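Structure below is entry-v8.txt: compact mmCIF, C-alpha atoms and all ligand atoms.
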```
# COMPACT_ATOMS: atom_id res chain seq x y z
CA MET A 1330 114.37 93.02 76.91
CA LYS A 1331 111.81 93.70 74.18
CA VAL A 1332 109.21 96.24 75.34
CA SER A 1333 105.93 97.49 73.92
CA ILE A 1334 104.30 100.72 75.00
CA ILE A 1335 100.53 101.14 74.68
CA GLY A 1336 99.69 104.85 74.47
CA CYS A 1337 102.31 107.34 73.33
CA GLY A 1338 101.55 110.47 75.34
CA TYR A 1339 103.93 112.10 77.85
CA VAL A 1340 104.34 108.95 79.87
CA GLY A 1341 104.39 106.37 77.06
CA LEU A 1342 106.73 108.22 74.74
CA VAL A 1343 109.25 109.22 77.39
CA THR A 1344 109.20 105.76 79.01
CA GLY A 1345 109.57 103.97 75.67
CA LEU A 1346 112.40 106.16 74.42
CA GLY A 1347 114.05 105.87 77.83
CA PHE A 1348 113.94 102.07 77.65
CA ALA A 1349 115.26 102.21 74.06
CA GLU A 1350 118.19 104.37 75.20
CA LEU A 1351 118.95 101.71 77.83
CA GLY A 1352 119.26 99.12 75.05
CA ASN A 1353 115.76 97.62 74.91
CA PRO A 1354 114.03 97.31 71.49
CA VAL A 1355 110.69 99.14 71.74
CA VAL A 1356 107.39 98.96 69.82
CA PHE A 1357 105.06 101.92 70.36
CA VAL A 1358 101.31 101.42 69.92
CA ASP A 1359 98.86 104.29 69.63
CA SER A 1360 95.34 104.67 68.29
CA ASN A 1361 96.22 108.07 66.85
CA GLY A 1362 97.61 107.71 63.31
CA SER A 1363 99.37 111.07 63.26
CA LYS A 1364 101.28 110.20 66.47
CA ILE A 1365 102.41 106.92 64.89
CA LYS A 1366 103.62 108.73 61.79
CA SER A 1367 105.33 111.42 63.81
CA ILE A 1368 107.23 108.86 65.95
CA ASN A 1369 108.26 106.88 62.87
CA ASP A 1370 109.41 110.16 61.26
CA LEU A 1371 111.54 110.78 64.41
CA ILE A 1372 109.55 113.91 65.29
CA PRO A 1373 108.32 113.88 68.93
CA PRO A 1374 104.56 114.65 68.95
CA ILE A 1375 105.04 116.53 72.25
CA TYR A 1376 107.69 118.95 73.47
CA GLU A 1377 109.87 117.81 76.35
CA PRO A 1378 113.45 118.97 76.87
CA GLY A 1379 115.82 116.28 75.59
CA LEU A 1380 113.13 114.27 73.78
CA GLU A 1381 114.10 115.30 70.26
CA GLU A 1382 117.72 114.28 70.86
CA LEU A 1383 116.55 110.98 72.39
CA ILE A 1384 114.27 110.08 69.48
CA LYS A 1385 116.94 110.87 66.88
CA LYS A 1386 119.72 109.15 68.79
CA ASN A 1387 117.72 105.92 69.09
CA GLU A 1388 116.69 105.66 65.44
CA GLY A 1389 116.36 102.00 64.47
CA LYS A 1390 115.78 100.82 68.07
CA PHE A 1391 112.01 101.49 68.00
CA TYR A 1392 109.03 101.90 65.73
CA ALA A 1393 105.35 102.78 66.11
CA THR A 1394 102.23 100.94 64.92
CA ASN A 1395 98.52 100.60 65.70
CA ASP A 1396 98.75 96.80 65.58
CA TYR A 1397 98.55 95.16 69.02
CA PHE A 1398 99.22 91.66 67.61
CA GLU A 1399 102.46 92.81 66.03
CA ALA A 1400 103.44 94.64 69.22
CA LEU A 1401 102.94 91.56 71.39
CA ASP A 1402 104.75 89.35 68.86
CA ASN A 1403 107.72 91.70 69.08
CA SER A 1404 107.89 92.20 72.84
CA GLU A 1405 108.05 90.37 76.17
CA VAL A 1406 106.48 93.09 78.30
CA SER A 1407 103.79 95.70 77.50
CA PHE A 1408 103.22 98.90 79.46
CA ILE A 1409 99.72 100.39 79.43
CA CYS A 1410 100.32 104.18 79.35
CA VAL A 1411 96.97 105.46 78.03
CA GLY A 1412 95.17 108.44 79.55
CA THR A 1413 92.91 108.26 82.61
CA PRO A 1414 91.12 111.63 82.50
CA SER A 1415 88.51 112.85 85.01
CA LYS A 1416 84.80 112.57 84.47
CA GLU A 1417 82.51 115.48 85.43
CA ASP A 1418 81.97 114.00 88.95
CA GLY A 1419 85.72 113.62 89.58
CA SER A 1420 85.79 109.86 89.04
CA LEU A 1421 88.17 108.33 86.50
CA ASP A 1422 87.22 107.79 82.88
CA LEU A 1423 88.66 104.33 82.24
CA ARG A 1424 87.58 104.02 78.60
CA GLN A 1425 91.14 104.19 77.21
CA VAL A 1426 92.29 101.60 79.76
CA GLU A 1427 89.33 99.39 78.88
CA GLU A 1428 90.06 99.52 75.16
CA ALA A 1429 93.78 98.94 75.62
CA SER A 1430 93.15 95.98 77.98
CA SER A 1431 90.64 94.46 75.59
CA LYS A 1432 92.97 94.74 72.58
CA LEU A 1433 95.92 93.43 74.59
CA GLY A 1434 93.76 90.48 75.69
CA LYS A 1435 92.82 89.60 72.11
CA ALA A 1436 96.47 89.70 71.02
CA LEU A 1437 97.52 87.73 74.09
CA ALA A 1438 95.24 84.84 73.12
CA GLU A 1439 97.79 83.94 70.43
CA LYS A 1440 100.87 84.23 72.62
CA GLU A 1441 102.78 82.29 75.22
CA PHE A 1442 103.70 83.99 78.53
CA HIS A 1443 103.76 87.80 78.30
CA VAL A 1444 103.85 90.48 80.99
CA ILE A 1445 101.35 93.37 81.05
CA VAL A 1446 102.12 96.34 83.28
CA VAL A 1447 99.69 99.15 84.11
CA LYS A 1448 101.64 102.42 84.21
CA SER A 1449 98.65 104.73 83.81
CA THR A 1450 97.49 106.29 87.09
CA VAL A 1451 94.57 104.15 88.28
CA LEU A 1452 92.76 103.98 91.62
CA PRO A 1453 93.55 101.12 94.01
CA GLY A 1454 91.88 97.94 92.84
CA THR A 1455 91.68 98.90 89.16
CA THR A 1456 94.45 96.61 87.89
CA GLU A 1457 93.07 93.53 89.60
CA ASN A 1458 89.33 94.27 89.43
CA PHE A 1459 89.04 96.04 86.07
CA VAL A 1460 92.07 95.38 83.84
CA LYS A 1461 92.59 91.72 84.83
CA PRO A 1462 89.02 90.47 84.09
CA ILE A 1463 89.03 92.18 80.68
CA ILE A 1464 92.35 90.64 79.66
CA GLU A 1465 91.35 87.22 81.02
CA LYS A 1466 88.02 87.31 79.16
CA GLU A 1467 89.54 88.38 75.84
CA SER A 1468 92.55 86.05 76.01
CA GLY A 1469 90.99 83.04 77.68
CA LYS A 1470 94.11 82.97 79.90
CA LYS A 1471 94.69 83.24 83.65
CA ALA A 1472 96.54 86.18 85.17
CA PHE A 1473 99.65 85.44 87.29
CA ASP A 1474 99.85 82.05 85.64
CA ASP A 1475 99.45 82.22 81.82
CA PHE A 1476 100.39 85.89 81.73
CA GLY A 1477 102.00 88.35 84.12
CA LEU A 1478 100.19 91.43 85.44
CA ALA A 1479 101.76 94.26 87.42
CA MET A 1480 101.33 97.93 88.32
CA ASN A 1481 104.23 100.34 88.02
CA PRO A 1482 103.20 103.95 88.70
CA GLU A 1483 104.97 106.81 86.96
CA PHE A 1484 106.23 109.88 88.82
CA LEU A 1485 107.66 112.02 86.01
CA ARG A 1486 106.87 115.72 85.71
CA GLU A 1487 105.90 117.42 82.46
CA GLY A 1488 108.74 119.70 81.44
CA ASN A 1489 111.26 117.50 83.26
CA ALA A 1490 110.10 114.13 82.01
CA VAL A 1491 113.29 112.83 80.35
CA GLU A 1492 115.46 113.82 83.30
CA ASP A 1493 112.92 112.27 85.70
CA PHE A 1494 112.86 109.00 83.72
CA PHE A 1495 116.61 108.51 83.99
CA ASN A 1496 116.92 109.78 87.57
CA PRO A 1497 113.86 108.64 89.51
CA ASP A 1498 113.73 109.01 93.31
CA ARG A 1499 112.28 105.51 93.45
CA ILE A 1500 110.72 102.78 91.33
CA VAL A 1501 107.55 101.20 92.65
CA ILE A 1502 106.54 97.78 91.34
CA GLY A 1503 103.23 96.27 92.41
CA VAL A 1504 103.43 92.61 91.57
CA LYS A 1505 102.05 89.21 92.59
CA ASP A 1506 103.83 86.40 90.71
CA GLU A 1507 107.56 85.69 90.86
CA ARG A 1508 108.01 85.45 87.08
CA THR A 1509 106.65 88.96 86.48
CA LYS A 1510 108.70 90.27 89.41
CA SER A 1511 111.93 88.98 87.87
CA VAL A 1512 111.03 90.38 84.41
CA LEU A 1513 110.55 93.86 85.89
CA GLU A 1514 113.58 93.63 88.17
CA GLU A 1515 115.67 92.77 85.10
CA LEU A 1516 114.21 95.65 83.05
CA TYR A 1517 114.83 98.17 85.84
CA LYS A 1518 118.30 96.81 86.72
CA PRO A 1519 120.17 99.81 85.22
CA PHE A 1520 118.46 102.22 87.65
CA ASP A 1521 120.39 103.02 90.78
CA CYS A 1522 117.57 104.08 93.10
CA PRO A 1523 115.41 102.45 95.78
CA LYS A 1524 113.07 99.87 94.24
CA LEU A 1525 109.99 99.10 96.25
CA ILE A 1526 108.18 95.84 95.55
CA THR A 1527 104.61 95.92 96.82
CA GLU A 1528 101.18 94.44 96.38
CA ILE A 1529 99.48 95.68 93.21
CA LYS A 1530 96.87 97.82 95.02
CA THR A 1531 99.58 99.30 97.26
CA ALA A 1532 101.50 100.49 94.19
CA GLU A 1533 98.31 102.11 92.88
CA MET A 1534 97.80 103.89 96.21
CA ILE A 1535 101.42 105.07 96.46
CA LYS A 1536 100.86 107.12 93.29
CA TYR A 1537 97.71 108.79 94.68
CA ALA A 1538 99.15 109.37 98.15
CA SER A 1539 102.27 110.95 96.60
CA ASN A 1540 100.32 113.37 94.42
CA ALA A 1541 97.85 114.14 97.22
CA PHE A 1542 100.69 114.95 99.61
CA LEU A 1543 102.48 117.19 97.10
CA ALA A 1544 99.20 119.02 96.39
CA THR A 1545 98.73 119.40 100.17
CA LYS A 1546 102.19 120.95 100.52
CA ILE A 1547 101.31 123.51 97.84
CA SER A 1548 97.94 124.47 99.35
CA PHE A 1549 99.60 124.72 102.76
CA ALA A 1550 102.30 127.00 101.33
CA ASN A 1551 99.59 129.11 99.71
CA GLU A 1552 97.65 129.49 102.98
CA ILE A 1553 100.80 130.50 104.88
CA GLY A 1554 101.70 132.75 101.94
CA ASN A 1555 98.37 134.54 102.16
CA ILE A 1556 99.00 135.44 105.83
CA CYS A 1557 102.59 136.40 105.02
CA LYS A 1558 101.34 138.87 102.40
CA LYS A 1559 99.17 140.58 105.02
CA LEU A 1560 102.05 140.69 107.49
CA GLY A 1561 104.63 141.87 104.95
CA ILE A 1562 106.68 138.70 105.29
CA ASP A 1563 108.57 137.05 102.41
CA VAL A 1564 106.92 133.63 102.12
CA TYR A 1565 109.78 132.23 100.04
CA LYS A 1566 112.23 132.99 102.86
CA VAL A 1567 109.79 131.38 105.31
CA PHE A 1568 109.71 128.11 103.37
CA GLU A 1569 113.46 128.23 102.82
CA GLY A 1570 113.69 128.15 106.61
CA VAL A 1571 110.96 125.54 107.02
CA GLY A 1572 112.52 123.30 104.36
CA LEU A 1573 115.88 123.23 106.14
CA ASP A 1574 114.29 120.87 108.67
CA HIS A 1575 115.33 117.45 107.33
CA ARG A 1576 111.99 116.01 108.40
CA ILE A 1577 110.18 118.36 106.03
CA ASN A 1578 112.13 118.82 102.72
CA PRO A 1579 112.17 122.18 100.90
CA SER A 1580 110.57 121.25 97.57
CA PHE A 1581 106.98 121.89 96.48
CA PHE A 1582 106.45 124.78 98.90
CA ARG A 1583 106.37 127.44 96.16
CA ALA A 1584 103.39 129.66 96.93
CA GLY A 1585 101.63 131.25 93.97
CA ILE A 1586 98.45 130.93 91.97
CA GLY A 1587 97.72 127.34 93.06
CA PHE A 1588 98.46 124.02 91.43
CA GLY A 1589 97.27 123.01 87.96
CA GLY A 1590 98.76 120.62 85.44
CA SER A 1591 97.32 117.39 84.13
CA CYS A 1592 97.65 115.32 87.32
CA PHE A 1593 97.23 116.98 90.74
CA PRO A 1594 93.65 118.30 90.30
CA LYS A 1595 92.47 115.09 88.61
CA ASP A 1596 94.21 112.69 90.99
CA VAL A 1597 93.19 114.44 94.22
CA ARG A 1598 89.57 114.62 93.05
CA ALA A 1599 89.59 110.95 92.03
CA LEU A 1600 90.85 109.95 95.48
CA ILE A 1601 88.18 112.09 97.19
CA ARG A 1602 85.49 110.54 94.97
CA LYS A 1603 86.73 107.01 95.66
CA SER A 1604 86.77 107.66 99.42
CA GLU A 1605 83.17 108.89 99.24
CA GLU A 1606 82.20 105.60 97.63
CA LEU A 1607 83.87 103.89 100.59
CA GLY A 1608 82.02 106.08 103.13
CA GLU A 1609 85.16 108.01 104.12
CA ASP A 1610 85.38 111.79 104.24
CA LEU A 1611 88.83 113.03 103.16
CA GLN A 1612 88.62 116.38 104.95
CA ILE A 1613 92.24 117.42 104.43
CA LEU A 1614 92.15 116.76 100.69
CA LYS A 1615 88.81 118.52 100.29
CA ALA A 1616 90.39 121.57 101.95
CA VAL A 1617 93.43 121.25 99.66
CA ILE A 1618 91.14 121.57 96.62
CA GLU A 1619 89.11 124.39 98.21
CA VAL A 1620 92.24 126.43 99.01
CA ASN A 1621 93.51 125.78 95.50
CA GLU A 1622 90.28 126.97 93.89
CA LYS A 1623 90.32 130.20 95.92
CA GLN A 1624 94.01 130.95 95.37
CA PRO A 1625 93.68 132.59 91.91
CA LEU A 1626 91.18 135.07 93.44
CA LYS A 1627 93.74 135.95 96.12
CA MET A 1628 96.18 136.75 93.32
CA ILE A 1629 93.59 138.96 91.63
CA GLU A 1630 92.94 140.79 94.94
CA LEU A 1631 96.67 141.36 95.18
CA LEU A 1632 96.87 142.66 91.62
CA LYS A 1633 93.93 144.99 92.28
CA LYS A 1634 95.69 146.36 95.36
CA HIS A 1635 98.82 147.14 93.37
CA ILE A 1636 97.01 148.30 90.19
CA PRO A 1637 93.82 149.88 91.64
CA ASP A 1638 92.04 150.61 88.36
CA LEU A 1639 92.26 147.06 86.98
CA ARG A 1640 88.72 146.63 85.69
CA GLY A 1641 88.62 146.06 81.93
CA LYS A 1642 92.39 146.28 81.61
CA ILE A 1643 93.43 142.72 82.31
CA SER A 1644 91.95 139.24 82.07
CA VAL A 1645 93.30 136.45 84.23
CA PHE A 1646 92.53 132.82 83.45
CA CYS A 1647 91.91 130.83 86.62
CA PRO A 1648 91.95 127.06 86.08
CA PHE A 1649 88.76 126.45 88.06
CA LEU A 1650 86.99 129.79 87.76
CA GLY A 1651 87.43 130.76 84.10
CA LEU A 1652 88.24 134.32 83.03
CA LYS A 1653 88.11 136.95 85.79
N1 LIG B 1 101.53 113.58 82.06
C1 LIG B 1 102.20 113.32 83.17
O1 LIG B 1 103.04 114.11 83.61
C2 LIG B 1 101.96 112.04 83.93
C3 LIG B 1 102.88 111.65 84.90
C4 LIG B 1 102.67 110.46 85.61
C5 LIG B 1 101.55 109.69 85.35
N2 LIG B 1 100.66 110.10 84.41
C6 LIG B 1 99.52 109.22 84.12
O2 LIG B 1 99.90 108.40 82.99
C7 LIG B 1 98.77 108.19 82.13
C8 LIG B 1 99.08 108.73 80.74
O3 LIG B 1 99.24 110.11 80.83
P1 LIG B 1 99.74 110.98 79.59
O4 LIG B 1 99.86 112.37 80.07
O5 LIG B 1 100.88 110.32 78.95
O6 LIG B 1 98.44 110.85 78.65
P2 LIG B 1 98.21 111.39 77.17
O7 LIG B 1 96.77 111.71 77.04
O8 LIG B 1 99.25 112.40 76.82
O9 LIG B 1 98.54 110.11 76.25
C9 LIG B 1 97.69 109.00 76.14
C10 LIG B 1 97.98 108.36 74.77
O10 LIG B 1 97.24 107.15 74.68
C11 LIG B 1 96.72 107.02 73.36
N3 LIG B 1 95.61 106.07 73.42
C12 LIG B 1 94.35 106.26 73.92
N4 LIG B 1 93.64 105.12 73.84
C13 LIG B 1 94.46 104.20 73.28
C14 LIG B 1 94.33 102.82 72.96
N5 LIG B 1 93.20 102.15 73.21
N6 LIG B 1 95.37 102.18 72.39
C15 LIG B 1 96.53 102.82 72.14
N7 LIG B 1 96.73 104.12 72.44
C16 LIG B 1 95.70 104.79 73.00
C17 LIG B 1 96.34 108.44 72.98
O11 LIG B 1 96.22 108.59 71.57
C18 LIG B 1 97.54 109.21 73.56
O12 LIG B 1 98.59 109.28 72.64
C19 LIG B 1 97.59 108.83 82.85
O13 LIG B 1 96.99 107.87 83.65
C20 LIG B 1 98.23 109.91 83.71
O14 LIG B 1 97.45 110.23 84.83
C21 LIG B 1 100.84 111.23 83.67
O1 LIG B 2 106.04 124.36 94.80
C1 LIG B 2 105.23 124.20 93.87
C2 LIG B 2 105.38 123.18 92.91
C3 LIG B 2 104.42 123.06 91.90
N1 LIG B 2 103.38 123.93 91.84
C4 LIG B 2 102.34 123.75 90.79
O2 LIG B 2 101.91 122.39 90.82
C5 LIG B 2 101.51 121.98 89.52
C6 LIG B 2 102.19 120.69 89.15
O3 LIG B 2 103.55 120.92 88.87
P1 LIG B 2 104.62 119.75 88.59
O4 LIG B 2 104.56 118.77 89.68
O5 LIG B 2 105.92 120.37 88.33
O6 LIG B 2 104.11 119.10 87.20
P2 LIG B 2 103.26 117.80 86.82
O7 LIG B 2 103.70 117.43 85.46
O8 LIG B 2 101.80 118.08 87.07
O9 LIG B 2 103.76 116.59 87.80
C7 LIG B 2 103.03 116.13 88.92
O10 LIG B 2 102.05 115.20 88.50
C8 LIG B 2 102.60 114.07 87.77
C9 LIG B 2 101.43 113.25 87.28
O11 LIG B 2 100.94 112.39 88.27
C10 LIG B 2 103.53 113.30 88.70
O12 LIG B 2 104.07 112.19 87.99
C11 LIG B 2 104.64 114.21 89.19
O13 LIG B 2 105.46 113.52 90.13
C12 LIG B 2 104.01 115.43 89.87
O14 LIG B 2 105.04 116.35 90.26
C13 LIG B 2 101.86 123.14 88.58
O15 LIG B 2 100.67 123.90 88.37
C14 LIG B 2 102.87 123.96 89.38
O16 LIG B 2 102.86 125.34 89.04
C15 LIG B 2 103.24 124.95 92.78
O17 LIG B 2 102.29 125.72 92.75
N2 LIG B 2 104.19 125.06 93.77
```
Taking this structure as input, can you express it in the form of structure tokens?
Ligand SMILES: NC(=O)c1ccc[n+]([C@@H]2O[C@H](COP(=O)([O-])OP(=O)(O)OC[C@H]3O[C@@H](n4cnc5c(N)ncnc54)[C@H](O)[C@@H]3O)[C@@H](O)[C@H]2O)c1
Ligand SMILES: O=c1ccn([C@@H]2O[C@H](COP(=O)(O)OP(=O)(O)O[C@H]3O[C@H](CO)[C@@H](O)[C@H](O)[C@H]3O)[C@@H](O)[C@H]2O)c(=O)[nH]1
Amino acid sequence: MKVSIIGCGYVGLVTGLGFAELGNPVVFVDSNGSKIKSINDLIPPIYEPGLEELIKKNEGKFYATNDYFEALDNSEVSFICVGTPSKEDGSLDLRQVEEASSKLGKALAEKEFHVIVVKSTVLPGTTENFVKPIIEKESGKKAFDDFGLAMNPEFLREGNAVEDFFNPDRIVIGVKDERTKSVLEELYKPFDCPKLITEIKTAEMIKYASNAFLATKISFANEIGNICKKLGIDVYKVFEGVGLDHRINPSFFRAGIGFGGSCFPKDVRALIRKSEELGEDLQILKAVIEVNEKQPLKMIELLKKHIPDLRGKISVFCPFLGLK
């Protein structure tokens, strides 16, 4: 199946090259000219283990452009993989999604049935209440009828992205119309993992609930770890024991400096912000962020204890607190 990928960052590039490896011709679209050149020169613009081999191995099965019309002409399904960064207040900055939806809509006006899939992490309701009206306005077409619209969250981890693409724990497809459902089922046929078909807003929420739960596990491990330190207990052994309970699962209990990365802090904050708009107080998740913000200071306390005269000798960068 011919695929186009809108936005060639971690998610877009890995997803597109993964689909190419599985035999699907792929057109990459990005607004950044140097990324386009780099992809066409077979040089991955980001580092991920296995990505360089993948891009070289699939030469001739993909190309990159900034032309949405050409991309839609040469594909049956487009994945929106642009960034959804945080604004100052924690809410999502949807400008990249807005621009991509608008340009896809314009190109769609000249095409017969085409499927558009939101892969970017967006809050529940965004695909149907934000992306859909933009595409409908720009294309003059009706979603779920003249074109397909779906939400397919991505769960890959930076540093493990290629491996995660080919071996996902599950594939979640939020979809409404039968035609789009069969297009995505066909595309994901080679994957031997549970495939969950849901409502569009449910798929959006599964992504947030997953990241929020993983972040909660880490903050929990850090709180237990802080007591363990005081009691002289090895926290790693504790969670080895805890994780042996099949109801719990041993992963993501590694205590340390707290979670960072490009997703957990942004996604947990966005969910908290959204819940505030809805008049709900997400107390657990607020505590998860609070514990995480304090954790680097705990590490500094620990360092000070072991190296008493630390002042002026070492700088530690804490994601939320700056240099300490
Ligand atoms: N990085 C991860 O590990 C990860 C994992 C799962 C989900 N996600 C989610 O996936 C989305 C993408 O994340 P990412 O890390 O790949 O982002 P990124 O910032 O690395 O890449 C976004 C790409 O989109 C391009 N772009 C921006 N506006 C565009 C437009 N209008 N048209 C075409 N291209 C445009 C940018 O130039 C950039 O190359 C986000 O919503 C993120 O939360 C990220
Ligand atoms: O036991 C653990 C595991 C992770 N971390 C920290 O948590 C952060 C996130 O790590 P990781 O999940 O490996 O990387 P990400 O690339 O941020 O991936 C997360 O965020 C992505 C974007 O949503 C999701 O797709 C992935 O499933 C989810 O794991 C990092 O700061 C890690 O150091 C811990 O402190 N303890």
Quiz item: Which polymer residues, protein or nucleic acid, are no farther than 7 Å from (105.8, 105.4, 90.0), counting all atoms listed in the file, as a ChimeraX atom specification?
Solution: /A:1481-1484,1500-1501,1536
Keeping only C-alpha atoms, write the selected residues as a PDB file, in the frame of the given file.
```pdb
ATOM      1  CA  ASN A1481     104.230 100.340  88.020  1.00  0.00           C
ATOM      2  CA  PRO A1482     103.200 103.950  88.700  1.00  0.00           C
ATOM      3  CA  GLU A1483     104.970 106.810  86.960  1.00  0.00           C
ATOM      4  CA  PHE A1484     106.230 109.880  88.820  1.00  0.00           C
ATOM      5  CA  ILE A1500     110.720 102.780  91.330  1.00  0.00           C
ATOM      6  CA  VAL A1501     107.550 101.200  92.650  1.00  0.00           C
ATOM      7  CA  LYS A1536     100.860 107.120  93.290  1.00  0.00           C
TER       8      LYS A1536
END
```
Practice problem: Report as a PyMOL selection string which protein, DNA and RNA residues come within 7 Å of ligand LIG 1 (chain B), using only C-alpha atoms and all ligand atoms. | Solution: chain A and resi 1335-1341+1358-1361+1364+1410-1414+1425-1426+1428-1429+1448-1451+1482-1487+1591-1592
Practice problem: May I have the protein, DNA and RNA residues with an atom at most 10 Å from (97.6, 138.3, 96.2), counting all atoms listed in the file in the file's coordinates, returned as a list in words? | Solution: Gly1554, Asn1555, Lys1558, Lys1559, Gly1585, Ile1586, Gln1624, Pro1625, Leu1626, Lys1627, Met1628, Ile1629, Glu1630, Leu1631, Leu1632, Lys1633, Lys1634 and His1635 of chain A
Could the centre and edge lengths of an axis-aligned box, enclosing all atoms of ligand LIG 2 (chain B) in the file with 3 Å extra on each side, be given in Å to one decimal as JSON?
```
{"center_x": 103.4, "center_y": 119.0, "center_z": 90.1, "size_x": 11.4, "size_y": 19.5, "size_z": 15.3}
```
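Restricting the calculation to all atoms listed in the file, the smallest distance between Thr1509 of chain A and any of A:Ile1526, A:Cys1557, A:Leu1614, A:Val1567 is found for A:Ile1526.
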Quiz item: With all atoms listed in the file as the atoms that count, which of A:Gly1454, A:Gly1572, A:Gly1379, A:Gly1587 lies nearest to ligand LIG 2 (chain B)?
Solution: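 Nearest to ligand LIG 2 (chain B): A:Gly1587.
In this model, the gap between atom O12 of ligand LIG 2 (chain B) and atom CA of Lys1518 of chain A comes to 21.0 Å.
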Practice problem: Considering all atoms listed in the file, state which residue in the set A:Phe1520, A:Ile1613, A:Asp1574, A:Val1355 is at the smallest distance from Thr1394 of chain A. | Solution: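 Among the listed residues, the smallest separation from Thr1394 of chain A belongs to A:Val1355.
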Self-check item: Gap from atom CA of Glu1492 of chain A to atom CA of Thr1344 of chain A - Å, one decimal
Solution: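 Answer for the atom CA of Glu1492 of chain A to atom CA of Thr1344 of chain A separation: 11.1 Å.
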Practice problem: Could you check which of A:Val1447, A:Leu1383, A:Val1597, A:Met1480 is closest to Leu1421 of chain A, using only C-alpha atoms? | Solution: A:Val1597
Quiz item: Smallest atom-to-atom distance to ligand LIG 2 (chain B): which of A:Ile1553, A:Ala1616, A:Ala1544, A:Leu1611, using all atoms listed in the file?
Solution: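 Using all atoms listed in the file, the shortest distance to ligand LIG 2 (chain B) belongs to A:Ala1544.
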Quiz item: What is the distance between atom CA of Thr1531 of chain A and atom CA of Lys1510 of chain A, in Å to one decimal?
Solution: 15.0 Å
